[in-house]
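Raw contents of final.txt, compact mmCIF, C-alpha atoms (C1' of nucleotides):
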# COMPACT_ATOMS: atom_id res chain seq x y z
CA MET A 1 0.00 0.00 0.00
CA LYS A 2 1.25 3.41 -0.91
CA HIS A 3 2.70 5.52 1.86
CA ARG A 4 0.12 7.85 3.30
CA ARG A 5 1.34 11.37 3.87
CA SER A 6 1.50 12.59 7.46
CA LEU A 7 -0.67 15.48 8.56
CA PHE A 8 2.40 17.69 8.66
CA GLU A 9 3.40 16.68 5.16
CA ILE A 10 -0.08 17.52 3.98
CA TYR A 11 0.32 20.94 5.60
CA GLU A 12 3.57 21.51 3.73
CA THR A 13 1.93 20.45 0.50
CA LEU A 14 -0.94 22.89 0.95
CA LEU A 15 1.36 25.73 1.94
CA ALA A 16 3.52 25.16 -1.11
CA GLU A 17 0.43 25.03 -3.31
CA TYR A 18 -1.47 28.04 -1.99
CA GLY A 19 0.96 30.09 0.07
CA PRO A 20 0.17 31.86 3.38
CA GLN A 21 -3.52 32.73 3.73
CA GLU A 22 -3.23 35.40 6.41
CA TRP A 23 -6.35 34.56 8.30
CA TRP A 24 -8.84 35.42 9.78
CA PRO A 25 -10.20 37.98 7.29
CA ALA A 26 -11.35 40.53 9.88
CA ARG A 27 -10.21 43.93 11.13
CA THR A 28 -11.03 43.36 14.78
CA ARG A 29 -11.60 40.53 17.21
CA ALA A 30 -15.26 41.46 17.43
CA GLU A 31 -15.60 41.28 13.67
CA MET A 32 -13.87 37.91 13.72
CA MET A 33 -16.22 36.48 16.33
CA ILE A 34 -19.34 37.89 14.71
CA GLY A 35 -18.19 36.46 11.41
CA ALA A 36 -17.62 33.08 13.02
CA ILE A 37 -21.25 32.93 14.05
CA LEU A 38 -22.53 34.23 10.74
CA THR A 39 -20.55 31.76 8.66
CA GLN A 40 -22.15 28.70 10.21
CA ASN A 41 -23.18 26.51 7.29
CA THR A 42 -23.04 29.58 5.08
CA SER A 43 -20.82 30.72 2.24
CA TRP A 44 -18.34 33.43 3.15
CA ALA A 45 -19.55 35.62 0.29
CA ASN A 46 -22.94 35.87 1.99
CA VAL A 47 -21.33 36.54 5.33
CA GLU A 48 -19.40 39.44 3.85
CA LYS A 49 -22.63 41.09 2.73
CA ALA A 50 -23.97 40.80 6.25
CA LEU A 51 -20.76 42.13 7.79
CA LEU A 52 -20.87 45.08 5.41
CA ASN A 53 -24.42 45.87 6.51
CA LEU A 54 -23.37 45.72 10.14
CA ARG A 55 -20.39 47.99 9.48
CA LYS A 56 -22.51 50.52 7.63
CA HIS A 57 -24.77 50.70 10.64
CA ASN A 58 -21.84 50.90 13.04
CA ALA A 59 -22.97 47.60 14.52
CA LEU A 60 -19.86 45.53 13.99
CA LYS A 61 -19.14 45.44 17.70
CA PHE A 62 -20.79 43.81 20.66
CA ARG A 63 -21.57 46.99 22.58
CA ALA A 64 -23.58 48.19 19.59
CA LEU A 65 -25.29 44.86 19.00
CA ASP A 66 -26.17 44.73 22.67
CA VAL A 67 -28.61 47.62 22.34
CA LEU A 68 -30.23 46.58 19.06
CA PRO A 69 -33.51 44.67 18.97
CA ALA A 70 -33.28 41.17 17.52
CA GLY A 71 -35.48 42.12 14.59
CA GLN A 72 -33.12 44.86 13.54
CA ILE A 73 -30.07 42.64 13.82
CA ALA A 74 -31.88 40.03 11.76
CA GLU A 75 -32.53 42.53 8.98
CA LEU A 76 -28.88 43.57 8.85
CA ILE A 77 -27.56 40.03 8.70
CA ARG A 78 -30.26 38.74 6.37
CA PRO A 79 -27.86 37.90 3.51
CA ALA A 80 -26.03 35.43 5.75
CA GLY A 81 -29.09 33.21 6.00
CA TYR A 82 -30.69 31.72 9.13
CA PHE A 83 -30.96 35.35 10.12
CA ASN A 84 -33.50 34.92 12.89
CA GLN A 85 -31.49 32.19 14.56
CA LYS A 86 -28.21 34.01 14.17
CA ALA A 87 -29.66 37.27 15.49
CA GLY A 88 -30.57 35.35 18.62
CA TYR A 89 -27.11 33.83 18.77
CA LEU A 90 -25.47 37.26 18.55
CA GLN A 91 -27.69 38.52 21.32
CA ALA A 92 -26.87 35.52 23.47
CA PHE A 93 -23.21 36.35 22.96
CA THR A 94 -23.57 39.98 23.95
CA GLU A 95 -25.50 38.90 27.03
CA MET A 96 -22.67 36.60 28.05
CA LEU A 97 -20.19 39.43 27.48
CA ARG A 98 -22.05 41.57 30.00
CA ASP A 99 -20.56 39.34 32.69
CA TYR A 100 -17.21 40.71 31.53
CA ASP A 101 -18.30 44.34 31.35
CA GLY A 102 -18.79 43.90 27.63
CA SER A 103 -15.03 43.60 27.27
CA ILE A 104 -13.43 41.01 25.03
CA ASP A 105 -10.16 41.70 26.83
CA ARG A 106 -11.68 40.67 30.12
CA LEU A 107 -13.33 37.60 28.62
CA PHE A 108 -9.99 36.58 27.17
CA ARG A 109 -8.33 36.69 30.57
CA LEU A 110 -9.73 33.21 31.12
CA ASP A 111 -7.33 30.38 30.50
CA THR A 112 -7.98 28.26 27.45
CA PRO A 113 -10.09 25.48 29.02
CA ALA A 114 -12.24 27.96 30.94
CA LEU A 115 -12.61 30.22 27.93
CA ARG A 116 -13.65 27.35 25.69
CA LYS A 117 -16.21 26.27 28.27
CA GLN A 118 -17.55 29.81 28.52
CA LEU A 119 -17.86 30.13 24.75
CA LEU A 120 -19.58 26.77 24.41
CA ALA A 121 -22.08 27.81 27.08
CA VAL A 122 -23.44 30.45 24.71
CA LYS A 123 -26.37 29.29 22.63
CA GLY A 124 -25.27 29.18 19.02
CA VAL A 125 -21.61 28.60 19.76
CA GLY A 126 -20.68 24.99 19.06
CA PRO A 127 -17.25 23.34 18.88
CA GLU A 128 -16.16 24.78 15.56
CA THR A 129 -17.29 28.32 16.31
CA ALA A 130 -15.75 28.25 19.78
CA ASP A 131 -12.44 26.90 18.51
CA SER A 132 -12.37 29.43 15.67
CA MET A 133 -12.73 32.20 18.23
CA LEU A 134 -10.09 30.63 20.45
CA LEU A 135 -7.59 30.37 17.62
CA TYR A 136 -8.24 33.47 15.56
CA ALA A 137 -9.42 35.98 18.16
CA ALA A 138 -7.87 34.77 21.41
CA ARG A 139 -4.83 33.27 19.68
CA ARG A 140 -4.79 30.04 21.59
CA PRO A 141 -3.25 26.89 20.07
CA VAL A 142 -6.57 25.16 19.39
CA PHE A 143 -7.11 23.26 16.16
CA VAL A 144 -10.30 24.04 14.26
CA VAL A 145 -12.21 21.23 12.61
CA ASP A 146 -14.83 21.88 9.96
CA ALA A 147 -16.51 20.19 7.02
CA TYR A 148 -13.51 20.91 4.82
CA THR A 149 -11.22 19.24 7.35
CA ARG A 150 -13.22 16.03 7.11
CA ARG A 151 -13.21 16.20 3.36
CA LEU A 152 -9.47 16.76 3.31
CA LEU A 153 -8.85 13.80 5.59
CA ALA A 154 -10.93 11.53 3.39
CA HIS A 155 -9.14 12.82 0.30
CA PHE A 156 -5.69 12.10 1.70
CA GLY A 157 -6.43 8.59 2.86
CA PHE A 158 -7.85 9.17 6.33
CA LYS A 159 -11.27 7.90 5.29
CA LYS A 160 -12.14 6.26 8.57
CA GLU A 161 -10.88 9.13 10.69
CA SER A 162 -12.82 11.65 8.62
CA GLU A 163 -16.06 10.19 9.92
CA ASP A 164 -15.02 10.44 13.54
CA ARG A 165 -16.45 12.92 16.00
CA TYR A 166 -15.19 16.47 16.28
CA ASP A 167 -12.93 16.13 19.32
CA ARG A 168 -11.22 13.04 17.98
CA ILE A 169 -10.39 14.69 14.68
CA ALA A 170 -8.98 17.71 16.51
CA ALA A 171 -6.87 15.35 18.63
CA LEU A 172 -5.59 13.72 15.47
CA PHE A 173 -4.08 17.02 14.38
CA THR A 174 -2.85 18.23 17.75
CA ALA A 175 -1.09 14.91 18.33
CA ALA A 176 0.71 15.20 14.99
CA LEU A 177 1.65 18.87 15.23
CA PRO A 178 3.45 21.15 17.69
CA ALA A 179 1.01 23.33 19.65
CA ASP A 180 1.74 26.47 17.70
CA VAL A 181 -0.84 29.20 17.14
CA GLN A 182 0.56 30.34 13.81
CA LEU A 183 0.76 26.79 12.51
CA TYR A 184 -2.82 26.00 13.48
CA ASN A 185 -3.92 29.33 12.06
CA GLU A 186 -2.32 28.67 8.71
CA TYR A 187 -3.27 25.02 8.53
CA HIS A 188 -6.97 25.57 8.99
CA ALA A 189 -6.95 28.48 6.58
CA LEU A 190 -5.18 26.33 4.01
CA ILE A 191 -7.69 23.55 4.49
CA VAL A 192 -10.51 25.97 3.73
CA ARG A 193 -8.58 27.25 0.74
CA TRP A 194 -8.13 23.69 -0.45
CA GLY A 195 -11.80 22.97 0.14
CA LYS A 196 -12.86 25.77 -2.14
CA ASN A 197 -10.83 24.12 -4.88
CA HIS A 198 -12.34 20.75 -4.15
CA PRO A 199 -16.09 21.28 -4.02
CA LYS A 200 -18.33 18.46 -3.01
CA GLN A 201 -19.29 16.40 -6.03
CA ARG A 202 -22.49 17.78 -7.42
CA LYS A 203 -25.17 15.40 -8.47
CA LYS A 204 -25.48 15.17 -12.18
CA SER A 205 -28.85 16.08 -13.62
CA SER A 206 -29.45 13.55 -16.33
C1' DG B 1 -34.69 24.24 -10.23
C1' DG B 2 -31.84 21.69 -7.13
C1' DC B 3 -27.64 21.55 -4.66
C1' DC B 4 -24.43 23.57 -1.73
C1' DA B 5 -22.12 26.61 1.60
C1' DG B 6 -16.01 27.63 6.71
C1' DG B 7 -22.99 24.49 12.07
C1' DA B 8 -25.79 24.31 15.93
C1' DC B 9 -29.83 23.08 18.33
C1' DA B 10 -34.22 20.74 19.57
C1' DC B 11 -36.33 16.57 19.92
C1' DC B 12 -36.57 11.71 19.87
C1' DA B 13 -35.51 6.81 20.97
C1' DT C 1 -24.92 8.91 21.97
C1' DG C 2 -26.82 8.79 17.72
C1' DG C 3 -30.13 9.98 14.04
C1' DT C 4 -33.29 13.40 11.95
C1' DG C 5 -35.66 17.88 11.08
C1' DT C 6 -35.06 22.85 11.12
C1' DC C 7 -33.14 27.20 10.12
C1' DA C 8 -32.59 30.68 4.89
C1' DT C 9 -29.86 33.46 1.70
C1' DG C 10 -27.29 33.75 -2.69
C1' DG C 11 -24.19 31.58 -6.31
C1' DC C 12 -23.82 28.21 -9.66

Starting from the coordinates I provided, produce the structure as structure tokens.
Amino acid sequence: MKHRRSLFEIYETLLAEYGPQEWWPARTRAEMMIGAILTQNTSWANVEKALLNLRKHNALKFRALDVLPAGQIAELIRPAGYFNQKAGYLQAFTEMLRDYDGSIDRLFRLDTPALRKQLLAVKGVGPETADSMLLYAARRPVFVVDAYTRRLLAHFGFKKESEDRYDRIAALFTAALPADVQLYNEYHALIVRWGKNHPKQRKKSS
DNA sequence: GGCCAGGACACCA
DNA sequence: TGGTGTCATGGC
């Protein structure tokens, strides 16, 4: 059987192919975290429209979102889809932030396990969203797993592993890589980049 | 016209 | 704990 590339070798391959991605595409930590919620099961192009709306209304920060009614938030983020749900998620997040005086800095004083637990306690923040925030906003060495990650694993011969549960896939990567924020940052970004070049096989219409 | 996109949750057994 | 339905827009 042909030698299967290691997860680090796959990283090197992707980096050589696509180059540094310089993620996350956001100006501020708040924008990053809001984008993380908006992009759930949604194309980034649609998220960008929603982010633009929020920016135009000076609502691309939690203190602003905190005083907006859900209906108004929903209208602004409409292009991102699931807008009613996500408006509620954003509000749940701002409510949690109140416990930290609305300060991301204060929230981020928690150590990584406590911070992850706090993020996951917010309705609408699941494992991928929480880990994205941990890695790209709080800059903790946490590996992010998403649909592209599973697809990549399957593509490179990790078929069985690709069907495993979230935490086990994350462990697969963290066991194979040094716990380095910049490495995790780049790797996940490259996986997404790769995923956009390898779209899920569309069903043929006869 | 249907499928898909950088998920998460409620509800059920 | 595992499976299924729901949420919704915009591009292709």

Contact table chain C vs chain A, cut-off 9 Å, shortest pair per residue, only C-alpha atoms (C1' of nucleotides), as JSON lines:
{"residue": "C:DC7", "atom": "C1'", "partner": "A:Tyr82", "partner_atom": "CA", "distance": 5.2}
{"residue": "C:DA8", "atom": "C1'", "partner": "A:Gly81", "partner_atom": "CA", "distance": 4.5}
{"residue": "C:DT9", "atom": "C1'", "partner": "A:Gly81", "partner_atom": "CA", "distance": 4.4}
{"residue": "C:DG10", "atom": "C1'", "partner": "A:Asn46", "partner_atom": "CA", "distance": 6.7}

Excluding segment 118-128 of chain A and residues on its chain fewer than 2 positions from it, collect all residues at most 8 Å away from it, counting all atoms listed in the file, and give them as a PDB file with C-alpha atoms (C1' of nucleotides), keeping the file's coordinate frame.
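The new file around.pdb reads:
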ATOM      1  CA  ILE A  37     -21.250  32.930  14.050  1.00  0.00           C
ATOM      2  CA  LYS A  86     -28.210  34.010  14.170  1.00  0.00           C
ATOM      3  CA  TYR A  89     -27.110  33.830  18.770  1.00  0.00           C
ATOM      4  CA  ALA A  92     -26.870  35.520  23.470  1.00  0.00           C
ATOM      5  CA  PHE A  93     -23.210  36.350  22.960  1.00  0.00           C
ATOM      6  CA  MET A  96     -22.670  36.600  28.050  1.00  0.00           C
ATOM      7  CA  ALA A 114     -12.240  27.960  30.940  1.00  0.00           C
ATOM      8  CA  LEU A 115     -12.610  30.220  27.930  1.00  0.00           C
ATOM      9  CA  ARG A 116     -13.650  27.350  25.690  1.00  0.00           C
ATOM     10  CA  ALA A 130     -15.750  28.250  19.780  1.00  0.00           C
ATOM     11  CA  ASP A 131     -12.440  26.900  18.510  1.00  0.00           C
ATOM     12  CA  SER A 132     -12.370  29.430  15.670  1.00  0.00           C
ATOM     13  CA  VAL A 144     -10.300  24.040  14.260  1.00  0.00           C
ATOM     14  CA  VAL A 145     -12.210  21.230  12.610  1.00  0.00           C
ATOM     15  CA  ASP A 146     -14.830  21.880   9.960  1.00  0.00           C
ATOM     16  CA  TYR A 166     -15.190  16.470  16.280  1.00  0.00           C
TER      17      TYR A 166
ATOM     18  C1'  DG B   7     -22.990  24.490  12.070  1.00  0.00           C
ATOM     19  C1'  DA B   8     -25.790  24.310  15.930  1.00  0.00           C
ATOM     20  C1'  DC B   9     -29.830  23.080  18.330  1.00  0.00           C
TER      21       DC B   9
END

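The gap separating atom CA of Tyr136 of chain A from atom CA of Met33 of chain A is 8.6 Å, in Å to one decimal.
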
For chain B, I'd like the enclosing box, axis-aligned and padded by 8 Å on every side, reported as JSON with centre and edge lengths in Å to one decimal.
{"center_x": -26.3, "center_y": 17.2, "center_z": 5.4, "size_x": 36.6, "size_y": 36.8, "size_z": 47.2}

Atom-to-atom span, atom CA of Gly88 of chain A and atom CA of Arg29 of chain A, Å: 19.7 Å

Gap from atom CA of Ala30 of chain A to atom CA of Leu60 of chain A - Å, one decimal: 7.0 Å

For Gln21 of chain A: contacts at 12 Å, all atoms listed in the file, fewer than 6 positions along chain excluded, given as a PyMOL selection string: chain A and resi 14-15+182-194

Point (-26.5, 28.3, -9.8) neighbourhood (12 Å, all atoms listed in the file) written as a PyMOL selection string: (chain A and resi 202) or (chain B and resi 1-4) or (chain C and resi 10-12)

Residue neighbourhood Phe156 of chain A, 12 Å, all atoms listed in the file, exclusion window fewer than 3 positions, as a list in words: Lys2, His3, Arg4, Arg5, Ser6, Leu7, Glu9, Ile10, Tyr11, Thr13, Leu14, Thr149, Arg150, Arg151, Leu152, Leu153, Lys159, Lys160, Glu161, Ser162 and Ile191 of chain A

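The environment of DG3 of chain C within 12 Å, counting all atoms listed in the file and disregarding residues fewer than 4 places along the same chain, consists of DC11, DC12 and DA13 of chain B.
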
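Every polymer residue reaching to within 12 Å of (-24.4, 5.4, 15.1), counting all atoms listed in the file, appears in this list: Glu163, Asp164 and Arg165 of chain A; DT1, DG2 and DG3 of chain C.
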